[in-house]
>>> print(open('target.cif').read())   # mmCIF, C-alpha atoms
data_run
loop_
_atom_site.group_PDB
_atom_site.id
_atom_site.type_symbol
_atom_site.label_atom_id
_atom_site.label_comp_id
_atom_site.auth_asym_id
_atom_site.auth_seq_id
_atom_site.Cartn_x
_atom_site.Cartn_y
_atom_site.Cartn_z
ATOM 1 C CA MET E 1 24.659 24.276 -82.780
ATOM 2 C CA SER E 2 25.780 24.007 -79.156
ATOM 3 C CA SER E 3 25.560 20.656 -77.405
ATOM 4 C CA LYS E 4 23.624 22.294 -74.537
ATOM 5 C CA ARG E 5 20.966 23.575 -76.958
ATOM 6 C CA PHE E 6 20.670 20.247 -78.762
ATOM 7 C CA ILE E 7 20.513 18.170 -75.578
ATOM 8 C CA ASN E 8 17.860 20.503 -74.186
ATOM 9 C CA LYS E 9 15.803 20.084 -77.384
ATOM 10 C CA VAL E 10 15.947 16.289 -77.191
ATOM 11 C CA ILE E 11 14.927 16.268 -73.527
ATOM 12 C CA ASN E 12 12.248 18.920 -74.070
ATOM 13 C CA ASN E 13 10.630 17.011 -76.944
ATOM 14 C CA ALA E 14 10.657 13.806 -74.881
ATOM 15 C CA GLU E 15 9.119 15.524 -71.868
ATOM 16 C CA PHE E 16 6.392 16.988 -74.058
ATOM 17 C CA ARG E 17 5.549 13.590 -75.557
ATOM 18 C CA ARG E 18 5.391 11.999 -72.120
ATOM 19 C CA GLY E 19 3.461 14.864 -70.590
ATOM 20 C CA ARG E 20 5.868 15.469 -67.737
ATOM 21 C CA THR E 21 4.742 18.340 -65.558
ATOM 22 C CA ARG E 22 8.050 19.223 -63.884
ATOM 23 C CA LEU E 23 10.665 19.694 -66.534
ATOM 24 C CA LEU E 24 14.391 19.160 -66.705
ATOM 25 C CA SER E 25 14.423 21.133 -69.952
ATOM 26 C CA TYR E 26 13.886 24.791 -70.850
ATOM 27 C CA PRO E 27 11.749 26.178 -73.715
ATOM 28 C CA GLN E 28 13.075 26.148 -77.274
ATOM 29 C CA LEU E 29 11.207 29.258 -78.452
ATOM 30 C CA ALA E 30 10.679 32.575 -76.702
ATOM 31 C CA PHE E 31 8.223 35.320 -77.563
ATOM 32 C CA ILE E 32 9.755 38.444 -76.069
ATOM 33 C CA GLU E 33 7.679 41.578 -76.533
ATOM 34 C CA SER E 34 9.903 44.463 -77.588
ATOM 35 C CA THR E 35 6.981 46.852 -77.039
ATOM 36 C CA ASN E 36 3.201 46.915 -76.903
ATOM 37 C CA ILE E 37 3.043 50.447 -78.300
ATOM 38 C CA CYS E 38 1.959 50.978 -81.901
ATOM 39 C CA ASN E 39 1.551 53.990 -84.185
ATOM 40 C CA LEU E 40 -1.381 52.511 -86.149
ATOM 41 C CA SER E 41 -4.980 51.859 -85.105
ATOM 42 C CA CYS E 42 -5.784 48.465 -86.626
ATOM 43 C CA PRO E 43 -9.355 47.691 -85.494
ATOM 44 C CA LEU E 44 -8.937 43.967 -84.755
ATOM 45 C CA CYS E 45 -5.749 44.415 -82.733
ATOM 46 C CA PRO E 46 -6.175 44.989 -78.960
ATOM 47 C CA THR E 47 -3.534 47.729 -79.077
ATOM 48 C CA GLY E 48 -4.878 49.441 -82.177
ATOM 49 C CA ALA E 49 -8.451 49.280 -80.902
ATOM 50 C CA GLY E 50 -7.431 50.667 -77.515
ATOM 51 C CA LYS E 51 -8.537 47.498 -75.698
ATOM 52 C CA LEU E 52 -5.186 46.259 -74.401
ATOM 53 C CA PRO E 53 -5.737 45.682 -70.652
ATOM 54 C CA HIS E 54 -2.075 46.027 -69.809
ATOM 55 C CA GLU E 55 0.290 48.894 -69.074
ATOM 56 C CA LYS E 56 2.200 50.101 -72.150
ATOM 57 C CA GLY E 57 5.968 50.352 -72.464
ATOM 58 C CA LYS E 58 9.146 49.151 -74.165
ATOM 59 C CA MET E 59 11.533 46.331 -73.307
ATOM 60 C CA ARG E 60 14.767 47.727 -71.850
ATOM 61 C CA LEU E 61 18.070 46.359 -73.076
ATOM 62 C CA ASP E 62 19.238 45.559 -69.550
ATOM 63 C CA LEU E 63 16.099 43.512 -68.886
ATOM 64 C CA PHE E 64 16.506 41.732 -72.215
ATOM 65 C CA LYS E 65 20.077 40.841 -71.291
ATOM 66 C CA LYS E 66 18.888 39.388 -67.985
ATOM 67 C CA ILE E 67 16.390 37.202 -69.856
ATOM 68 C CA ILE E 68 18.794 36.049 -72.567
ATOM 69 C CA ASP E 69 21.609 35.372 -70.119
ATOM 70 C CA GLN E 70 19.360 32.792 -68.445
ATOM 71 C CA ILE E 71 17.481 31.144 -71.312
ATOM 72 C CA GLY E 72 19.450 32.158 -74.417
ATOM 73 C CA PRO E 73 21.782 29.106 -74.360
ATOM 74 C CA TYR E 74 18.735 26.842 -74.801
ATOM 75 C CA LEU E 75 16.735 28.755 -77.398
ATOM 76 C CA TYR E 76 16.510 27.946 -81.094
ATOM 77 C CA GLU E 77 14.468 31.041 -81.835
ATOM 78 C CA VAL E 78 13.326 34.311 -80.299
ATOM 79 C CA GLN E 79 10.486 36.394 -81.734
ATOM 80 C CA LEU E 80 10.749 40.023 -80.635
ATOM 81 C CA MET E 81 7.105 40.877 -80.978
ATOM 82 C CA GLY E 82 3.845 41.013 -79.137
ATOM 83 C CA PHE E 83 1.139 43.629 -79.392
ATOM 84 C CA GLY E 84 3.185 46.543 -80.693
ATOM 85 C CA GLU E 85 5.555 47.817 -83.373
ATOM 86 C CA PRO E 86 9.152 46.665 -82.646
ATOM 87 C CA LEU E 87 10.768 49.538 -84.565
ATOM 88 C CA LEU E 88 9.313 51.993 -82.030
ATOM 89 C CA ASN E 89 11.748 50.577 -79.477
ATOM 90 C CA GLU E 90 14.895 52.696 -79.815
ATOM 91 C CA GLU E 91 17.034 49.807 -78.516
ATOM 92 C CA ILE E 92 15.651 47.180 -80.890
ATOM 93 C CA PHE E 93 18.844 46.783 -82.932
ATOM 94 C CA ASP E 94 20.967 46.405 -79.785
ATOM 95 C CA ILE E 95 18.433 43.847 -78.568
ATOM 96 C CA VAL E 96 18.791 41.881 -81.805
ATOM 97 C CA ARG E 97 22.574 42.028 -81.630
ATOM 98 C CA TYR E 98 22.582 40.770 -78.049
ATOM 99 C CA ALA E 99 20.306 37.867 -78.940
ATOM 100 C CA LYS E 100 22.565 36.963 -81.870
ATOM 101 C CA ARG E 101 25.417 36.308 -79.455
ATOM 102 C CA HIS E 102 23.742 32.906 -79.314
ATOM 103 C CA PRO E 103 23.247 30.799 -82.470
ATOM 104 C CA MET E 104 19.484 31.288 -82.559
ATOM 105 C CA LYS E 105 17.032 32.631 -85.132
ATOM 106 C CA VAL E 106 15.837 36.151 -84.352
ATOM 107 C CA ARG E 107 12.787 37.638 -86.042
ATOM 108 C CA PHE E 108 9.986 40.153 -85.707
ATOM 109 C CA ASN E 109 6.991 41.608 -87.546
ATOM 110 C CA SER E 110 6.691 45.260 -88.548
ATOM 111 C CA ASN E 111 4.256 47.600 -90.252
ATOM 112 C CA LEU E 112 7.379 49.364 -91.618
ATOM 113 C CA THR E 113 5.850 52.813 -91.304
ATOM 114 C CA VAL E 114 8.616 54.166 -89.033
ATOM 115 C CA PHE E 115 11.756 53.706 -91.093
ATOM 116 C CA ASP E 116 14.510 55.443 -93.046
ATOM 117 C CA ARG E 117 17.714 54.615 -94.907
ATOM 118 C CA GLU E 118 19.894 54.732 -91.789
ATOM 119 C CA MET E 119 17.550 52.363 -89.939
ATOM 120 C CA ALA E 120 17.572 50.045 -92.934
ATOM 121 C CA ARG E 121 21.347 49.723 -92.812
ATOM 122 C CA GLU E 122 21.368 49.279 -89.038
ATOM 123 C CA LEU E 123 18.652 46.629 -89.232
ATOM 124 C CA VAL E 124 20.552 44.646 -91.851
ATOM 125 C CA GLY E 125 23.753 44.971 -89.859
ATOM 126 C CA SER E 126 22.118 43.834 -86.620
ATOM 127 C CA GLY E 127 21.952 40.217 -87.794
ATOM 128 C CA LEU E 128 18.153 39.886 -87.785
ATOM 129 C CA ASP E 129 17.272 36.617 -89.545
ATOM 130 C CA ASN E 130 13.673 37.179 -90.598
ATOM 131 C CA MET E 131 11.344 40.147 -90.868
ATOM 132 C CA THR E 132 7.657 39.986 -91.724
ATOM 133 C CA VAL E 133 6.209 43.186 -93.168
ATOM 134 C CA SER E 134 2.446 43.615 -92.807
ATOM 135 C CA ILE E 135 0.937 45.098 -95.990
ATOM 136 C CA ASP E 136 -2.765 44.362 -96.421
ATOM 137 C CA GLY E 137 -3.540 45.985 -99.745
ATOM 138 C CA VAL E 138 -2.084 47.341 -102.979
ATOM 139 C CA THR E 139 -4.119 50.549 -103.048
ATOM 140 C CA GLN E 140 -4.214 53.179 -100.314
ATOM 141 C CA GLU E 141 -8.010 53.042 -100.176
ATOM 142 C CA VAL E 142 -8.005 49.347 -99.306
ATOM 143 C CA TYR E 143 -4.790 49.281 -97.248
ATOM 144 C CA GLU E 144 -5.888 52.002 -94.827
ATOM 145 C CA LYS E 145 -9.215 50.315 -94.046
ATOM 146 C CA TYR E 146 -7.335 48.002 -91.714
ATOM 147 C CA ARG E 147 -3.927 49.658 -91.277
ATOM 148 C CA VAL E 148 -5.571 52.833 -90.020
ATOM 149 C CA GLY E 149 -3.083 55.692 -90.077
ATOM 150 C CA GLY E 150 -0.689 53.972 -92.475
ATOM 151 C CA ASP E 151 0.638 55.287 -95.774
ATOM 152 C CA LEU E 152 1.005 52.517 -98.362
ATOM 153 C CA GLU E 153 3.339 54.456 -100.652
ATOM 154 C CA LYS E 154 5.654 55.197 -97.735
ATOM 155 C CA VAL E 155 5.647 51.555 -96.589
ATOM 156 C CA LEU E 156 6.487 50.265 -100.076
ATOM 157 C CA GLY E 157 9.254 52.867 -100.294
ATOM 158 C CA ASN E 158 10.628 51.725 -96.945
ATOM 159 C CA LEU E 159 10.534 48.104 -98.094
ATOM 160 C CA LYS E 160 12.642 49.081 -101.107
ATOM 161 C CA LEU E 161 15.092 50.872 -98.774
ATOM 162 C CA LEU E 162 15.495 47.652 -96.836
ATOM 163 C CA LEU E 163 16.075 45.630 -99.991
ATOM 164 C CA GLU E 164 18.635 48.187 -101.172
ATOM 165 C CA ALA E 165 20.467 48.036 -97.823
ATOM 166 C CA LYS E 166 20.727 44.252 -98.071
ATOM 167 C CA LYS E 167 22.238 44.604 -101.538
ATOM 168 C CA GLU E 168 24.632 47.392 -100.545
ATOM 169 C CA LEU E 169 25.881 45.469 -97.506
ATOM 170 C CA SER E 170 25.917 42.143 -99.375
ATOM 171 C CA ARG E 171 23.832 40.488 -96.677
ATOM 172 C CA PRO E 172 21.330 37.666 -97.318
ATOM 173 C CA THR E 173 19.407 38.538 -94.164
ATOM 174 C CA PRO E 174 16.956 39.486 -92.967
ATOM 175 C CA GLU E 175 14.781 37.243 -95.100
ATOM 176 C CA ILE E 176 11.746 39.388 -95.834
ATOM 177 C CA ARG E 177 8.177 38.168 -95.994
ATOM 178 C CA TRP E 178 5.201 40.226 -97.172
ATOM 179 C CA GLN E 179 2.272 39.282 -94.932
ATOM 180 C CA PHE E 180 -1.206 40.039 -96.242
ATOM 181 C CA MET E 181 -3.937 39.578 -93.641
ATOM 182 C CA VAL E 182 -6.970 38.663 -95.704
ATOM 183 C CA THR E 183 -10.305 40.260 -94.789
ATOM 184 C CA LYS E 184 -13.562 40.893 -96.570
ATOM 185 C CA VAL E 185 -12.400 44.396 -97.511
ATOM 186 C CA ASN E 186 -9.142 43.367 -99.215
ATOM 187 C CA GLU E 187 -9.526 39.783 -100.460
ATOM 188 C CA HIS E 188 -9.953 41.025 -104.042
ATOM 189 C CA GLU E 189 -6.373 42.379 -103.928
ATOM 190 C CA VAL E 190 -4.616 39.199 -102.772
ATOM 191 C CA ASP E 191 -3.455 38.153 -106.250
ATOM 192 C CA ALA E 192 -2.199 41.641 -107.089
ATOM 193 C CA ALA E 193 -0.284 41.777 -103.811
ATOM 194 C CA ARG E 194 1.251 38.370 -104.459
ATOM 195 C CA LYS E 195 2.408 39.552 -107.887
ATOM 196 C CA MET E 196 3.866 42.763 -106.415
ATOM 197 C CA ALA E 197 5.783 40.750 -103.791
ATOM 198 C CA GLU E 198 7.174 38.455 -106.497
ATOM 199 C CA ASP E 199 8.302 41.482 -108.532
ATOM 200 C CA LEU E 200 10.133 42.820 -105.471
ATOM 201 C CA GLY E 201 11.707 39.430 -104.790
ATOM 202 C CA VAL E 202 10.164 38.835 -101.369
ATOM 203 C CA ARG E 203 8.117 35.916 -100.069
ATOM 204 C CA PHE E 204 4.362 36.332 -99.848
ATOM 205 C CA HIS E 205 2.047 34.962 -97.181
ATOM 206 C CA ALA E 206 -1.741 35.336 -97.156
ATOM 207 C CA ARG E 207 -2.710 35.106 -93.499
ATOM 208 C CA ARG E 208 -6.076 34.202 -92.052
ATOM 209 C CA VAL E 209 -7.516 36.943 -89.869
ATOM 210 C CA ARG E 210 -8.651 36.313 -86.304
ATOM 211 C CA PHE E 211 -11.233 38.323 -84.413
ATOM 212 C CA ASP E 212 -10.992 37.102 -80.834
ATOM 213 C CA LEU E 213 -7.709 38.464 -79.513
ATOM 214 C CA ASP E 214 -9.383 41.111 -77.380
ATOM 215 C CA VAL E 215 -11.915 38.644 -75.967
ATOM 216 C CA PHE E 216 -9.506 35.735 -75.470
ATOM 217 C CA SER E 217 -8.946 36.612 -71.845
ATOM 218 C CA LYS E 218 -12.694 36.884 -71.185
ATOM 219 C CA MET E 219 -13.438 33.914 -73.404
ATOM 220 C CA LYS E 220 -17.099 34.708 -73.996
ATOM 221 C CA GLU E 221 -17.942 32.316 -76.775
ATOM 222 C CA GLU E 222 -20.934 34.332 -77.914
ATOM 223 C CA ASP E 223 -18.721 37.418 -78.357
ATOM 224 C CA ALA E 224 -16.227 35.475 -80.446
ATOM 225 C CA THR E 225 -19.016 34.037 -82.577
ATOM 226 C CA LYS E 226 -20.315 37.501 -83.363
ATOM 227 C CA ARG E 227 -16.850 38.483 -84.515
ATOM 228 C CA TRP E 228 -16.624 35.437 -86.764
ATOM 229 C CA GLU E 229 -19.728 36.725 -88.530
ATOM 230 C CA SER E 230 -18.487 40.307 -88.675
ATOM 231 C CA ASP E 231 -17.857 42.419 -91.733
ATOM 232 C CA TRP E 232 -14.174 41.433 -91.637
ATOM 233 C CA ASN E 233 -14.641 37.728 -92.357
ATOM 234 C CA PRO E 234 -13.529 36.891 -95.949
ATOM 235 C CA GLU E 235 -16.038 35.443 -98.399
ATOM 236 C CA ASP E 236 -13.359 33.085 -99.720
ATOM 237 C CA THR E 237 -13.335 30.212 -97.229
ATOM 238 C CA ARG E 238 -9.683 29.449 -98.032
ATOM 239 C CA TYR E 239 -8.808 32.593 -96.110
ATOM 240 C CA SER E 240 -11.294 32.215 -93.245
ATOM 241 C CA ARG E 241 -10.199 30.925 -89.862
ATOM 242 C CA TYR E 242 -13.841 30.540 -88.900
ATOM 243 C CA ARG E 243 -16.085 28.171 -90.805
ATOM 244 C CA GLY E 244 -18.977 27.993 -88.348
ATOM 245 C CA GLY E 245 -20.407 25.019 -86.501
ATOM 246 C CA LYS E 246 -17.008 24.169 -85.036
ATOM 247 C CA GLU E 247 -17.345 21.677 -82.205
ATOM 248 C CA LYS E 248 -15.196 21.544 -79.126
ATOM 249 C CA LYS E 249 -12.497 18.922 -79.140
ATOM 250 C CA LYS E 250 -13.622 15.864 -77.162
ATOM 251 C CA LYS E 251 -10.105 15.264 -75.899
ATOM 252 C CA PRO E 252 -7.761 18.264 -75.589
ATOM 253 C CA ARG E 253 -4.401 17.902 -77.288
ATOM 254 C CA ARG E 254 -1.354 18.673 -75.207
ATOM 255 C CA CYS E 255 -0.573 22.391 -75.460
ATOM 256 C CA ALA E 256 2.975 22.870 -76.759
ATOM 257 C CA TYR E 257 3.109 26.400 -75.334
ATOM 258 C CA LEU E 258 3.367 25.011 -71.806
ATOM 259 C CA TRP E 259 6.374 22.832 -72.653
ATOM 260 C CA LYS E 260 8.197 24.340 -75.619
ATOM 261 C CA THR E 261 7.678 28.111 -75.534
ATOM 262 C CA ILE E 262 7.700 31.021 -73.142
ATOM 263 C CA ASP E 263 5.913 34.354 -73.552
ATOM 264 C CA ILE E 264 7.554 37.343 -71.907
ATOM 265 C CA LYS E 265 6.002 40.807 -71.988
ATOM 266 C CA TRP E 266 7.919 44.069 -72.366
ATOM 267 C CA ASP E 267 8.153 44.550 -68.576
ATOM 268 C CA GLY E 268 9.305 41.001 -67.824
ATOM 269 C CA SER E 269 5.854 39.650 -66.997
ATOM 270 C CA ILE E 270 5.359 36.025 -68.036
ATOM 271 C CA ALA E 271 2.124 34.667 -69.526
ATOM 272 C CA PRO E 272 1.078 31.054 -70.216
ATOM 273 C CA CYS E 273 0.996 31.770 -73.968
ATOM 274 C CA CYS E 274 1.253 34.598 -76.475
ATOM 275 C CA ASN E 275 -2.547 34.904 -76.800
ATOM 276 C CA ILE E 276 -2.883 36.173 -73.240
ATOM 277 C CA ILE E 277 -3.207 39.963 -73.040
ATOM 278 C CA ASP E 278 -4.789 40.591 -69.632
ATOM 279 C CA GLN E 279 -2.220 41.134 -66.887
ATOM 280 C CA ASN E 280 -4.552 39.389 -64.452
ATOM 281 C CA ASP E 281 -3.728 36.182 -66.340
ATOM 282 C CA PHE E 282 0.050 36.631 -66.191
ATOM 283 C CA VAL E 283 1.925 34.071 -64.105
ATOM 284 C CA VAL E 284 4.375 36.633 -62.700
ATOM 285 C CA ARG E 285 4.689 40.401 -63.116
ATOM 286 C CA SER E 286 8.495 40.587 -63.339
ATOM 287 C CA PHE E 287 11.190 38.338 -64.730
ATOM 288 C CA PRO E 288 12.768 36.303 -61.914
ATOM 289 C CA ASP E 289 16.433 35.992 -61.011
ATOM 290 C CA ASP E 290 15.997 32.231 -61.463
ATOM 291 C CA PHE E 291 13.767 31.321 -64.426
ATOM 292 C CA SER E 292 13.321 27.741 -63.234
ATOM 293 C CA VAL E 293 11.356 29.011 -60.221
ATOM 294 C CA VAL E 294 8.605 30.094 -62.633
ATOM 295 C CA TRP E 295 9.059 27.436 -65.315
ATOM 296 C CA ASN E 296 8.625 24.680 -62.726
ATOM 297 C CA GLY E 297 6.505 26.782 -60.414
ATOM 298 C CA PRO E 298 2.955 25.929 -59.297
ATOM 299 C CA ASP E 299 1.202 27.742 -62.173
ATOM 300 C CA PHE E 300 3.024 26.060 -65.061
ATOM 301 C CA VAL E 301 3.028 22.664 -63.341
ATOM 302 C CA ALA E 302 -0.721 22.862 -62.677
ATOM 303 C CA ALA E 303 -1.375 23.992 -66.254
ATOM 304 C CA ARG E 304 0.522 20.976 -67.618
ATOM 305 C CA GLU E 305 -1.384 18.698 -65.243
ATOM 306 C CA LEU E 306 -4.654 19.757 -66.937
ATOM 307 C CA PHE E 307 -3.811 17.329 -69.726
ATOM 308 C CA LYS E 308 -3.496 14.464 -67.267
ATOM 309 C CA THR E 309 -6.140 15.146 -64.661
ATOM 310 C CA GLY E 310 -8.624 17.361 -66.490
ATOM 311 C CA MET E 311 -9.975 20.520 -64.880
ATOM 312 C CA ASN E 312 -7.924 21.666 -61.924
ATOM 313 C CA GLU E 313 -8.619 24.789 -59.881
ATOM 314 C CA LYS E 314 -4.897 25.207 -59.246
ATOM 315 C CA ALA E 315 -4.206 25.827 -62.950
ATOM 316 C CA PRO E 316 -4.167 29.395 -64.315
ATOM 317 C CA GLU E 317 -7.690 30.584 -65.072
ATOM 318 C CA ALA E 318 -6.773 31.455 -68.675
ATOM 319 C CA CYS E 319 -5.644 27.865 -69.325
ATOM 320 C CA ARG E 320 -8.848 26.499 -67.818
ATOM 321 C CA ARG E 321 -10.952 28.826 -69.981
ATOM 322 C CA CYS E 322 -8.978 27.795 -73.046
ATOM 323 C CA MET E 323 -9.574 24.104 -72.341
ATOM 324 C CA ALA E 324 -13.260 24.632 -71.525
ATOM 325 C CA LEU E 325 -13.802 26.257 -74.907
ATOM 326 C CA GLY E 326 -12.083 23.425 -76.721
ATOM 327 C CA VAL E 327 -9.353 25.682 -78.128
ATOM 328 C CA VAL E 328 -6.542 23.207 -77.416
#
>>> encode(input="target.cif", output="structure tokens")
Amino acid sequence: MSSKRFINKVINNAEFRRGRTRLLSYPQLAFIESTNICNLSCPLCPTGAGKLPHEKGKMRLDLFKKIIDQIGPYLYEVQLMGFGEPLLNEEIFDIVRYAKRHPMKVRFNSNLTVFDREMARELVGSGLDNMTVSIDGVTQEVYEKYRVGGDLEKVLGNLKLLLEAKKELSRPTPEIRWQFMVTKVNEHEVDAARKMAEDLGVRFHARRVRFDLDVFSKMKEEDATKRWESDWNPEDTRYSRYRGGKEKKKKPRRCAYLWKTIDIKWDGSIAPCCNIIDQNDFVVRSFPDDFSVVWNGPDFVAARELFKTGMNEKAPEACRRCMALGVV
């Protein structure tokens, strides 16, 4: 652990607690979108449903280097994902390797449908710390209801290739997690999936589904409510994010995204948080030569001031909508 990284963490945590609006510190976590292109058509994903209101593309290695050269010395973790499939970016392993020049955790999620033995060995050799594989069923009939266009047998075969590569190269990483997004159509297979993950020797995580990603930018509460009551909502309340009758928070809690994280899209655009998908809500449309100009620029400062002064027309509209709905 570098002293610069540790000192930044201490200052950053203190500035968050005190609610400072102009920061001496940099974020500790970065979401950097390797691509927003995907080969599947998952119906609740803005990309899969064809509702992503943002130009599609892939993060270039030279742009990634520019980003990491500025903020990498301060980061504890970078997540190379957004609204796409990271393995569709041909430079993804070089991107991981460049990030690992700094002592940070590097991870991403994958549907693991685009994969082969050579990619498995390259992925293991890249130094990736964690990889979450999205598998939402143990039968093709159930799996493909959400992962539209996916082949379960192929994905499980690819997962085994990855496990074999780790063994062949004697590498403990990447740590692999089987993520099962629980919906009404697959909740009866959760236990079987958990058992299959245990047999393979990988961690299992049952994730609660969300329905409002494609309406987050519009923030129409009635639209979100309809989605909560949709056919996707699990019957088992343990796996439901939406329980109905949820009241807005009387006093918003300070949003850690505005102090501790940064969300960077594939083209270098910067958003207030990783839930923002509409480019009209991005703070800037290209990564600056001096990150501090944006990090302590008028948009981020005004957004942080929301938690001191309340509603403020100078703050990004997405942050004001988020606060008005009682999300924070």
>>> resolve_selection(input="target.cif", expression="the PyMOL selection byres ((chain E and resi 22-31) around 7)", output="tab-separated table (two decimals) with C-alpha atoms, in the coordinates of the input")
chain	number	residue	atom	x	y	z
E	8	ASN	CA	17.86	20.50	-74.19
E	9	LYS	CA	15.80	20.08	-77.38
E	11	ILE	CA	14.93	16.27	-73.53
E	12	ASN	CA	12.25	18.92	-74.07
E	15	GLU	CA	9.12	15.52	-71.87
E	20	ARG	CA	5.87	15.47	-67.74
E	21	THR	CA	4.74	18.34	-65.56
E	32	ILE	CA	9.76	38.44	-76.07
E	33	GLU	CA	7.68	41.58	-76.53
E	74	TYR	CA	18.74	26.84	-74.80
E	75	LEU	CA	16.74	28.76	-77.40
E	76	TYR	CA	16.51	27.95	-81.09
E	77	GLU	CA	14.47	31.04	-81.83
E	78	VAL	CA	13.33	34.31	-80.30
E	79	GLN	CA	10.49	36.39	-81.73
E	80	LEU	CA	10.75	40.02	-80.64
E	81	MET	CA	7.10	40.88	-80.98
E	259	TRP	CA	6.37	22.83	-72.65
E	260	LYS	CA	8.20	24.34	-75.62
E	261	THR	CA	7.68	28.11	-75.53
E	262	ILE	CA	7.70	31.02	-73.14
E	263	ASP	CA	5.91	34.35	-73.55
E	264	ILE	CA	7.55	37.34	-71.91
E	296	ASN	CA	8.62	24.68	-62.73
E	301	VAL	CA	3.03	22.66	-63.34
>>> atom_distance(input="target.cif", atom1="atom CA of Lys66 of chain E", atom2="atom CA of Asp267 of chain E")
11.9 Å
>>> residues_around(input="target.cif", residues="segment 152-157 of chain E", least_positions_apart="3", cutoff="7 Å", atoms="all atoms listed in the file", output="PyMOL selection string")
chain E and resi 112-113+140+143+160-161
>>> axis_aligned_box(input="target.cif", around="segment 282-301 of chain E", padding_each_side="3 Å", output="AutoDock Vina command-line options")
--center_x 8.2 --center_y 31.6 --center_z -62.7 --size_x 22.4 --size_y 23.9 --size_z 12.9
>>> residues_around(input="target.cif", residues="Met311 of chain E", least_positions_apart="3", cutoff="9 Å", atoms="only C-alpha atoms", output="PDB file with C-alpha atoms, in the frame of the given file")
ATOM      1  CA  GLU E 305      -1.384  18.698 -65.243  1.00  0.00           C
ATOM      2  CA  LEU E 306      -4.654  19.757 -66.937  1.00  0.00           C
ATOM      3  CA  PHE E 307      -3.811  17.329 -69.726  1.00  0.00           C
ATOM      4  CA  LYS E 314      -4.897  25.207 -59.246  1.00  0.00           C
ATOM      5  CA  ALA E 315      -4.206  25.827 -62.950  1.00  0.00           C
ATOM      6  CA  ARG E 320      -8.848  26.499 -67.818  1.00  0.00           C
ATOM      7  CA  MET E 323      -9.574  24.104 -72.341  1.00  0.00           C
ATOM      8  CA  ALA E 324     -13.260  24.632 -71.525  1.00  0.00           C
TER       9      ALA E 324
END
>>> resolve_selection(input="target.cif", expression="the PyMOL selection byres ((chain E and resi 275-290) around 8)", output="number ranges by chain")
E: 52-54, 67, 70, 213-214, 216-217, 267-274, 291-294, 299, 316-318
>>> atom_distance(input="target.cif", atom1="atom CA of Cys42 of chain E", atom2="atom CA of Val148 of chain E")
5.5 Å
>>> residues_around(input="target.cif", residues="Glu235 of chain E", least_positions_apart="3", cutoff="9 Å", atoms="all atoms listed in the file", output="list of chain:residue names")
E:Thr183, E:Lys184, E:Glu187, E:Arg238, E:Tyr239, E:Ser240
>>> residues_around(input="target.cif", residues="Asp136 of chain E", least_positions_apart="2", cutoff="10 Å", atoms="all atoms listed in the file", output="list in words")
Asn111, Val133, Ser134, Val138, Thr139, Gln140, Val142, Tyr143, Glu144, Lys145, Tyr146, Arg147, Leu152, Trp178, Gln179, Phe180, Met181, Val182, Thr183, Val185, Asn186, Glu187, Glu189, Val190, Ala193, Ala206 and Arg207 of chain E
>>> resolve_selection(input="target.cif", expression="the PyMOL selection byres ((chain E and resi 56) around 9)", output="ChimeraX atom specification")
/E:35-37,52,54-55,57-58,266-267
